[in-house]
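Notes follow once the structure below has been shown.
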There are 2 protein chains.
Amino acid sequence: NDNFGDPQLGKIKAPSCIFCHGVDGTASNPTYPHIKGQNAQYLFQSMKDYQDGKRKGPLAQMMKAQLSRLSDQDLRDISAYFSSQN
Amino acid sequence: NDNFGDPQLGKIKAPSCIFCHGVDGTASNPTYPHIKGQNAQYLFQSMKDYQDGKRKGPLAQMMKAQLSRLSDQDLRDISAYFSSQN
């Protein structure tokens, strides 16, 4: 819902996200967050925080590992994709 | 969207949440997350992580301070309230 990144590229870059967060950002497990329609800037900052070790705990470690090879532009595109889902 | 807490009590307990996250959980600032319809268990765990210092940074510090006087039951009720919003 903004010009933050390219949602079409983001969809291509998000294969590991959808396993827990769903193709359209609807999480199947109630302990995981829905991310569809979420603010893109918030999604980006959350992923940066995982990369930078600013979130702690087993799931945060998992997220850090999943995100380890993604650039800032990748994160912007992925954020734009899930933010654009309704 | 589950029996996790009491959404009606949660609404009463959430006055400081709505300033940034909105009365129905729709954040007005794009750097903040929407929380309406979010999984209640995820909201609860996120607030516990803030309380326990497992999220770092200026906004995490702010969240920790906001949540400092809330019990686990308060957090469950607040989670139920925002989770129930569409």
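How things are named: the first chain in the structure tokens is A, the next is B, and so on; residues count from 1 in each chain; ligands count from 1 in the order shown.
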
Mind checking which residues fall within 12 Å of Ser71 of chain B, counting only C-alpha atoms, ignoring those fewer than 3 positions away in the same chain, and posting them as a PyMOL selection string? chain B and resi 10+13+44+47-48+51+67-68+74-78

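Those residues of chain A that fall within 6 Å of chain B when using only C-alpha atoms read Pro30, Thr31, Tyr32, Pro33, Asn39, Gln41, Tyr42, Lys54, Arg55 and Lys56 of chain A.
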
Identify, with DSSP run on backbone atoms, the residues in chain A assigned to alpha helix (DSSP H), and express the list as a CSV table (one decimal) with all heavy atoms, in the first residue's frame.
```
chain,number,residue,atom,x,y,z
A,7,PRO,N,6.2,-5.0,-5.3
A,7,PRO,CA,5.5,-6.2,-4.8
A,7,PRO,C,5.6,-7.5,-5.7
A,7,PRO,O,5.6,-8.6,-5.2
A,7,PRO,CB,4.0,-5.8,-4.7
A,7,PRO,CG,3.9,-4.5,-5.5
A,7,PRO,CD,5.3,-3.9,-5.5
A,8,GLN,N,5.7,-7.2,-7.0
A,8,GLN,CA,5.9,-8.4,-7.9
A,8,GLN,C,7.2,-9.1,-7.7
A,8,GLN,O,7.3,-10.3,-7.7
A,8,GLN,CB,5.6,-8.0,-9.3
A,8,GLN,CG,4.2,-7.6,-9.6
A,8,GLN,CD,3.9,-7.2,-11.0
A,8,GLN,OE1,4.5,-6.3,-11.6
A,8,GLN,NE2,3.1,-8.1,-11.7
A,9,LEU,N,8.3,-8.3,-7.5
A,9,LEU,CA,9.6,-8.9,-7.2
A,9,LEU,C,9.5,-9.5,-5.8
A,9,LEU,O,10.1,-10.6,-5.6
A,9,LEU,CB,10.7,-7.9,-7.3
A,9,LEU,CG,11.1,-7.4,-8.7
A,9,LEU,CD1,12.1,-6.3,-8.5
A,9,LEU,CD2,11.6,-8.6,-9.5
A,10,GLY,N,8.8,-8.9,-4.9
A,10,GLY,CA,8.7,-9.4,-3.6
A,10,GLY,C,8.1,-10.8,-3.5
A,10,GLY,O,8.6,-11.6,-2.7
A,11,LYS,N,7.1,-11.0,-4.3
A,11,LYS,CA,6.5,-12.3,-4.3
A,11,LYS,C,7.5,-13.4,-4.7
A,11,LYS,O,7.5,-14.5,-4.1
A,11,LYS,CB,5.3,-12.3,-5.2
A,11,LYS,CG,4.5,-13.6,-5.2
A,11,LYS,CD,3.2,-13.6,-6.0
A,11,LYS,CE,2.4,-14.9,-5.8
A,11,LYS,NZ,1.2,-14.9,-6.5
A,12,ILE,N,8.3,-13.1,-5.7
A,12,ILE,CA,9.3,-14.0,-6.1
A,12,ILE,C,10.4,-14.3,-5.1
A,12,ILE,O,10.9,-15.4,-4.9
A,12,ILE,CB,10.0,-13.5,-7.4
A,12,ILE,CG1,9.0,-13.4,-8.6
A,12,ILE,CG2,11.2,-14.4,-7.8
A,12,ILE,CD1,9.5,-12.6,-9.8
A,13,LYS,N,10.7,-13.3,-4.3
A,13,LYS,CA,11.7,-13.4,-3.3
A,13,LYS,C,11.3,-14.0,-2.0
A,13,LYS,O,12.1,-14.1,-1.1
A,13,LYS,CB,12.3,-12.0,-3.0
A,13,LYS,CG,13.0,-11.4,-4.2
A,13,LYS,CD,13.5,-9.9,-4.0
A,13,LYS,CE,14.2,-9.3,-5.1
A,13,LYS,NZ,14.6,-7.9,-4.9
A,18,ILE,N,6.4,-17.8,3.0
A,18,ILE,CA,5.0,-18.3,2.8
A,18,ILE,C,4.8,-19.6,3.6
A,18,ILE,O,3.7,-20.0,3.9
A,18,ILE,CB,4.6,-18.5,1.4
A,18,ILE,CG1,5.4,-19.6,0.7
A,18,ILE,CG2,4.8,-17.1,0.6
A,18,ILE,CD1,5.0,-19.8,-0.8
A,19,PHE,N,5.9,-20.3,3.9
A,19,PHE,CA,5.7,-21.6,4.6
A,19,PHE,C,5.0,-21.4,6.0
A,19,PHE,O,4.2,-22.2,6.4
A,19,PHE,CB,7.1,-22.2,4.8
A,19,PHE,CG,7.0,-23.6,5.3
A,19,PHE,CD1,6.7,-24.7,4.5
A,19,PHE,CD2,7.3,-23.9,6.7
A,19,PHE,CE1,6.6,-26.0,4.9
A,19,PHE,CE2,7.2,-25.2,7.1
A,19,PHE,CZ,6.9,-26.2,6.3
A,20,CYS,N,5.4,-20.3,6.7
A,20,CYS,CA,4.7,-20.0,7.9
A,20,CYS,C,3.7,-18.9,7.8
A,20,CYS,O,2.7,-18.9,8.6
A,20,CYS,CB,5.7,-19.6,9.0
A,20,CYS,SG,6.8,-20.9,9.5
A,21,HIS,N,3.9,-17.9,7.0
A,21,HIS,CA,3.0,-16.7,6.9
A,21,HIS,C,2.0,-16.8,5.8
A,21,HIS,O,1.1,-15.9,5.7
A,21,HIS,CB,3.9,-15.4,6.7
A,21,HIS,CG,4.8,-15.1,7.9
A,21,HIS,ND1,4.3,-14.6,9.1
A,21,HIS,CD2,6.1,-15.2,8.0
A,21,HIS,CE1,5.3,-14.4,9.9
A,21,HIS,NE2,6.4,-14.8,9.3
A,40,ALA,N,4.2,-1.6,5.2
A,40,ALA,CA,5.4,-2.1,4.6
A,40,ALA,C,6.6,-1.6,5.4
A,40,ALA,O,7.6,-2.3,5.6
A,40,ALA,CB,5.5,-1.6,3.1
A,41,GLN,N,6.6,-0.4,5.8
A,41,GLN,CA,7.7,0.2,6.6
A,41,GLN,C,7.9,-0.6,7.9
A,41,GLN,O,9.1,-0.8,8.3
A,41,GLN,CB,7.6,1.6,6.9
A,41,GLN,CG,7.7,2.5,5.7
A,41,GLN,CD,7.5,4.0,6.0
A,41,GLN,OE1,8.3,4.5,6.9
A,41,GLN,NE2,6.5,4.7,5.5
A,42,TYR,N,6.8,-1.0,8.5
A,42,TYR,CA,6.9,-1.8,9.7
A,42,TYR,C,7.5,-3.2,9.4
A,42,TYR,O,8.4,-3.7,10.2
A,42,TYR,CB,5.6,-1.9,10.4
A,42,TYR,CG,5.7,-2.9,11.6
A,42,TYR,CD1,6.3,-2.5,12.8
A,42,TYR,CD2,5.2,-4.2,11.5
A,42,TYR,CE1,6.4,-3.3,13.9
A,42,TYR,CE2,5.3,-5.1,12.6
A,42,TYR,CZ,5.9,-4.6,13.8
A,42,TYR,OH,6.0,-5.5,14.8
A,43,LEU,N,7.0,-3.8,8.4
A,43,LEU,CA,7.6,-5.1,8.0
A,43,LEU,C,9.1,-5.1,7.7
A,43,LEU,O,9.8,-5.9,8.2
A,43,LEU,CB,6.8,-5.7,6.8
A,43,LEU,CG,5.4,-6.1,6.9
A,43,LEU,CD1,4.8,-6.5,5.6
A,43,LEU,CD2,5.2,-7.2,8.0
A,44,PHE,N,9.5,-4.0,7.0
A,44,PHE,CA,10.9,-3.9,6.7
A,44,PHE,C,11.7,-3.7,8.0
A,44,PHE,O,12.7,-4.4,8.2
A,44,PHE,CB,11.1,-2.6,5.8
A,44,PHE,CG,12.5,-2.3,5.6
A,44,PHE,CD1,13.3,-3.0,4.6
A,44,PHE,CD2,13.2,-1.3,6.3
A,44,PHE,CE1,14.6,-2.7,4.4
A,44,PHE,CE2,14.5,-1.0,6.1
A,44,PHE,CZ,15.2,-1.7,5.1
A,45,GLN,N,11.3,-2.8,8.9
A,45,GLN,CA,12.0,-2.6,10.1
A,45,GLN,C,12.1,-3.8,11.0
A,45,GLN,O,13.1,-4.1,11.6
A,45,GLN,CB,11.4,-1.4,10.9
A,45,GLN,CG,12.3,-1.0,12.1
A,45,GLN,CD,13.7,-0.6,11.6
A,45,GLN,OE1,13.9,0.2,10.7
A,45,GLN,NE2,14.7,-1.2,12.3
A,46,SER,N,11.0,-4.6,11.0
A,46,SER,CA,11.0,-5.8,11.8
A,46,SER,C,12.0,-6.8,11.3
A,46,SER,O,12.7,-7.4,12.0
A,46,SER,CB,9.6,-6.5,11.7
A,46,SER,OG,8.6,-5.7,12.3
A,47,MET,N,12.1,-6.9,9.9
A,47,MET,CA,13.1,-7.9,9.3
A,47,MET,C,14.5,-7.4,9.6
A,47,MET,O,15.4,-8.2,9.8
A,47,MET,CB,12.8,-8.1,7.9
A,47,MET,CG,11.5,-8.9,7.7
A,47,MET,SD,11.2,-9.5,6.0
A,47,MET,CE,10.6,-8.0,5.2
A,48,LYS,N,14.7,-6.0,9.5
A,48,LYS,CA,16.0,-5.5,9.8
A,48,LYS,C,16.4,-5.8,11.3
A,48,LYS,O,17.5,-6.2,11.6
A,48,LYS,CB,16.1,-4.0,9.6
A,48,LYS,CG,16.0,-3.6,8.2
A,48,LYS,CD,17.2,-4.1,7.4
A,48,LYS,CE,18.6,-3.7,7.9
A,48,LYS,NZ,19.6,-4.4,7.1
A,49,ASP,N,15.4,-5.7,12.2
A,49,ASP,CA,15.6,-6.0,13.6
A,49,ASP,C,16.0,-7.5,13.8
A,49,ASP,O,16.9,-7.8,14.6
A,49,ASP,CB,14.4,-5.6,14.5
A,49,ASP,CG,14.2,-4.1,14.6
A,49,ASP,OD1,15.2,-3.4,14.3
A,49,ASP,OD2,13.2,-3.7,15.2
A,50,TYR,N,15.4,-8.4,13.1
A,50,TYR,CA,15.8,-9.8,13.2
A,50,TYR,C,17.2,-9.9,12.6
A,50,TYR,O,18.0,-10.6,13.3
A,50,TYR,CB,14.8,-10.6,12.3
A,50,TYR,CG,13.5,-10.9,13.0
A,50,TYR,CD1,12.3,-10.5,12.3
A,50,TYR,CD2,13.4,-11.6,14.2
A,50,TYR,CE1,11.0,-10.8,12.9
A,50,TYR,CE2,12.1,-11.8,14.8
A,50,TYR,CZ,11.0,-11.4,14.1
A,50,TYR,OH,9.7,-11.7,14.7
A,51,GLN,N,17.5,-9.3,11.5
A,51,GLN,CA,18.8,-9.5,10.9
A,51,GLN,C,19.9,-8.9,11.9
A,51,GLN,O,21.0,-9.5,12.0
A,51,GLN,CB,18.9,-8.7,9.6
A,51,GLN,CG,18.3,-9.4,8.4
A,51,GLN,CD,18.6,-8.6,7.1
A,51,GLN,OE1,18.9,-7.4,7.1
A,51,GLN,NE2,18.6,-9.3,6.0
A,58,PRO,N,14.1,-18.2,20.4
A,58,PRO,CA,14.2,-19.3,19.3
A,58,PRO,C,13.6,-18.9,18.0
A,58,PRO,O,14.2,-19.1,16.9
A,58,PRO,CB,13.5,-20.5,19.9
A,58,PRO,CG,13.5,-20.2,21.4
A,58,PRO,CD,13.4,-18.7,21.6
A,59,LEU,N,12.4,-18.3,18.0
A,59,LEU,CA,11.8,-17.9,16.7
A,59,LEU,C,12.5,-16.7,16.1
A,59,LEU,O,12.6,-16.7,14.9
A,59,LEU,CB,10.3,-17.5,16.9
A,59,LEU,CG,9.4,-18.7,17.2
A,59,LEU,CD1,8.0,-18.3,17.6
A,59,LEU,CD2,9.3,-19.6,15.9
A,60,ALA,N,13.1,-15.8,16.9
A,60,ALA,CA,13.8,-14.7,16.4
A,60,ALA,C,15.1,-15.2,15.7
A,60,ALA,O,15.5,-14.8,14.7
A,60,ALA,CB,14.2,-13.7,17.5
A,61,GLN,N,15.7,-16.3,16.3
A,61,GLN,CA,16.9,-16.9,15.7
A,61,GLN,C,16.6,-17.5,14.4
A,61,GLN,O,17.3,-17.4,13.4
A,61,GLN,CB,17.5,-18.0,16.7
A,61,GLN,CG,18.2,-17.4,17.8
A,61,GLN,CD,19.5,-16.6,17.4
A,61,GLN,OE1,20.2,-17.1,16.6
A,61,GLN,NE2,19.7,-15.5,18.0
A,62,MET,N,15.4,-18.2,14.3
A,62,MET,CA,15.0,-18.8,13.1
A,62,MET,C,14.8,-17.7,12.0
A,62,MET,O,15.2,-17.8,10.9
A,62,MET,CB,13.7,-19.6,13.3
A,62,MET,CG,13.1,-20.3,12.1
A,62,MET,SD,12.1,-19.2,11.1
A,62,MET,CE,10.7,-19.0,12.2
A,63,MET,N,14.1,-16.6,12.4
A,63,MET,CA,13.9,-15.5,11.5
A,63,MET,C,15.2,-14.9,11.0
A,63,MET,O,15.4,-14.6,9.8
A,63,MET,CB,13.0,-14.4,12.1
A,63,MET,CG,11.5,-14.8,12.1
A,63,MET,SD,10.8,-14.9,10.5
A,63,MET,CE,11.0,-13.2,9.9
A,64,LYS,N,16.1,-14.7,11.9
A,64,LYS,CA,17.5,-14.2,11.5
A,64,LYS,C,18.1,-15.1,10.5
A,64,LYS,O,18.7,-14.6,9.5
A,64,LYS,CB,18.3,-14.1,12.7
A,64,LYS,CG,19.7,-13.4,12.4
A,64,LYS,CD,20.5,-13.2,13.7
A,64,LYS,CE,21.8,-12.6,13.4
A,64,LYS,NZ,22.7,-12.3,14.6
A,65,ALA,N,18.1,-16.4,10.7
A,65,ALA,CA,18.7,-17.3,9.7
A,65,ALA,C,18.0,-17.3,8.4
A,65,ALA,O,18.6,-17.2,7.3
A,65,ALA,CB,18.6,-18.7,10.3
A,66,GLN,N,16.6,-17.2,8.4
A,66,GLN,CA,15.9,-17.2,7.1
A,66,GLN,C,16.2,-15.9,6.3
A,66,GLN,O,16.2,-15.9,5.1
A,66,GLN,CB,14.4,-17.2,7.4
A,66,GLN,CG,13.8,-18.5,8.0
A,66,GLN,CD,13.9,-19.6,7.0
A,66,GLN,OE1,13.8,-19.4,5.8
A,66,GLN,NE2,14.0,-20.8,7.5
A,67,LEU,N,16.5,-14.8,7.1
A,67,LEU,CA,16.7,-13.5,6.4
A,67,LEU,C,18.1,-13.2,6.1
A,67,LEU,O,18.4,-12.2,5.5
A,67,LEU,CB,16.1,-12.4,7.3
A,67,LEU,CG,14.6,-12.4,7.6
A,67,LEU,CD1,14.2,-11.5,8.7
A,67,LEU,CD2,13.8,-12.2,6.3
A,72,ASP,N,18.7,-5.3,1.7
A,72,ASP,CA,17.7,-4.3,2.1
A,72,ASP,C,16.6,-4.1,0.9
A,72,ASP,O,15.4,-4.0,1.2
A,72,ASP,CB,18.3,-2.9,2.3
A,72,ASP,CG,19.0,-2.8,3.7
A,72,ASP,OD1,19.1,-3.9,4.4
A,72,ASP,OD2,19.4,-1.7,4.1
A,73,GLN,N,17.1,-4.2,-0.3
A,73,GLN,CA,16.1,-4.1,-1.4
A,73,GLN,C,15.2,-5.3,-1.4
A,73,GLN,O,14.0,-5.2,-1.7
A,73,GLN,CB,16.8,-3.9,-2.8
A,73,GLN,CG,15.8,-3.5,-3.9
A,73,GLN,CD,15.0,-2.2,-3.5
A,73,GLN,OE1,15.6,-1.2,-3.2
A,73,GLN,NE2,13.7,-2.3,-3.6
A,74,ASP,N,15.8,-6.5,-1.2
A,74,ASP,CA,14.9,-7.7,-1.1
A,74,ASP,C,13.9,-7.5,0.0
A,74,ASP,O,12.7,-7.8,-0.2
A,74,ASP,CB,15.8,-8.9,-0.8
A,74,ASP,CG,16.8,-9.3,-1.8
A,74,ASP,OD1,16.5,-9.0,-3.0
A,74,ASP,OD2,17.8,-10.0,-1.5
A,75,LEU,N,14.3,-7.0,1.1
A,75,LEU,CA,13.3,-6.8,2.2
A,75,LEU,C,12.3,-5.8,1.9
A,75,LEU,O,11.1,-6.0,2.3
A,75,LEU,CB,14.1,-6.4,3.5
A,75,LEU,CG,15.1,-7.4,4.0
A,75,LEU,CD1,15.7,-6.8,5.3
A,75,LEU,CD2,14.6,-8.8,4.2
A,76,ARG,N,12.7,-4.7,1.2
A,76,ARG,CA,11.6,-3.7,0.8
A,76,ARG,C,10.6,-4.4,-0.2
A,76,ARG,O,9.4,-4.1,-0.1
A,76,ARG,CB,12.3,-2.5,0.1
A,76,ARG,CG,13.1,-1.6,1.1
A,76,ARG,CD,13.5,-0.3,0.4
A,76,ARG,NE,14.4,0.4,1.2
A,76,ARG,CZ,15.7,0.3,1.1
A,76,ARG,NH1,16.3,-0.4,0.2
A,76,ARG,NH2,16.5,0.9,2.0
A,77,ASP,N,11.1,-5.2,-1.1
A,77,ASP,CA,10.2,-5.8,-2.1
A,77,ASP,C,9.3,-6.8,-1.4
A,77,ASP,O,8.1,-6.8,-1.7
A,77,ASP,CB,11.0,-6.5,-3.2
A,77,ASP,CG,11.8,-5.5,-4.1
A,77,ASP,OD1,11.5,-4.3,-4.1
A,77,ASP,OD2,12.8,-6.0,-4.7
A,78,ILE,N,9.8,-7.6,-0.5
A,78,ILE,CA,9.0,-8.5,0.2
A,78,ILE,C,8.0,-7.8,1.1
A,78,ILE,O,6.8,-8.2,1.2
A,78,ILE,CB,9.9,-9.5,1.1
A,78,ILE,CG1,10.7,-10.4,0.2
A,78,ILE,CG2,9.1,-10.3,2.1
A,78,ILE,CD1,11.8,-11.1,0.9
A,79,SER,N,8.4,-6.7,1.7
A,79,SER,CA,7.5,-5.9,2.5
A,79,SER,C,6.3,-5.4,1.6
A,79,SER,O,5.2,-5.4,2.0
A,79,SER,CB,8.2,-4.7,3.2
A,79,SER,OG,9.2,-5.2,4.0
A,80,ALA,N,6.7,-4.9,0.5
A,80,ALA,CA,5.7,-4.3,-0.4
A,80,ALA,C,4.7,-5.4,-0.9
A,80,ALA,O,3.5,-5.2,-1.0
A,80,ALA,CB,6.3,-3.7,-1.7
A,81,TYR,N,5.2,-6.6,-1.1
A,81,TYR,CA,4.3,-7.7,-1.5
A,81,TYR,C,3.3,-8.0,-0.5
A,81,TYR,O,2.1,-8.0,-0.7
A,81,TYR,CB,5.1,-9.0,-1.9
A,81,TYR,CG,4.2,-10.2,-2.1
A,81,TYR,CD1,3.3,-10.2,-3.1
A,81,TYR,CD2,4.2,-11.2,-1.2
A,81,TYR,CE1,2.4,-11.2,-3.3
A,81,TYR,CE2,3.3,-12.3,-1.3
A,81,TYR,CZ,2.4,-12.3,-2.4
A,81,TYR,OH,1.5,-13.3,-2.5
A,82,PHE,N,3.7,-8.3,0.7
A,82,PHE,CA,2.8,-8.7,1.8
A,82,PHE,C,1.9,-7.5,2.2
A,82,PHE,O,0.7,-7.7,2.5
A,82,PHE,CB,3.5,-9.3,3.0
A,82,PHE,CG,3.9,-10.7,2.7
A,82,PHE,CD1,5.3,-11.0,2.6
A,82,PHE,CD2,3.0,-11.8,2.5
A,82,PHE,CE1,5.8,-12.3,2.4
A,82,PHE,CE2,3.5,-13.0,2.3
A,82,PHE,CZ,4.8,-13.3,2.2
A,83,SER,N,2.4,-6.3,2.2
A,83,SER,CA,1.6,-5.2,2.5
A,83,SER,C,0.5,-5.0,1.4
A,83,SER,O,-0.6,-4.5,1.8
A,83,SER,CB,2.5,-3.9,2.5
A,83,SER,OG,1.8,-2.8,2.9
A,84,SER,N,0.7,-5.4,0.2
A,84,SER,CA,-0.3,-5.2,-0.9
A,84,SER,C,-1.4,-6.3,-0.8
A,84,SER,O,-2.4,-6.1,-1.5
A,84,SER,CB,0.4,-5.3,-2.2
A,84,SER,OG,0.8,-6.6,-2.5
```

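Taking atom CA of Gly22 of chain B as the reference point, atom CA of Asp24 of chain A is found at 23.7 Å.
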
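Between atom CA of Pro15 of chain A and atom CA of Asn86 of chain B the interatomic distance comes to 27.4 Å.
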
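Reported to one decimal place, the separation of atom CA of Leu70 of chain A from atom CA of Lys36 of chain A is 19.8 Å.
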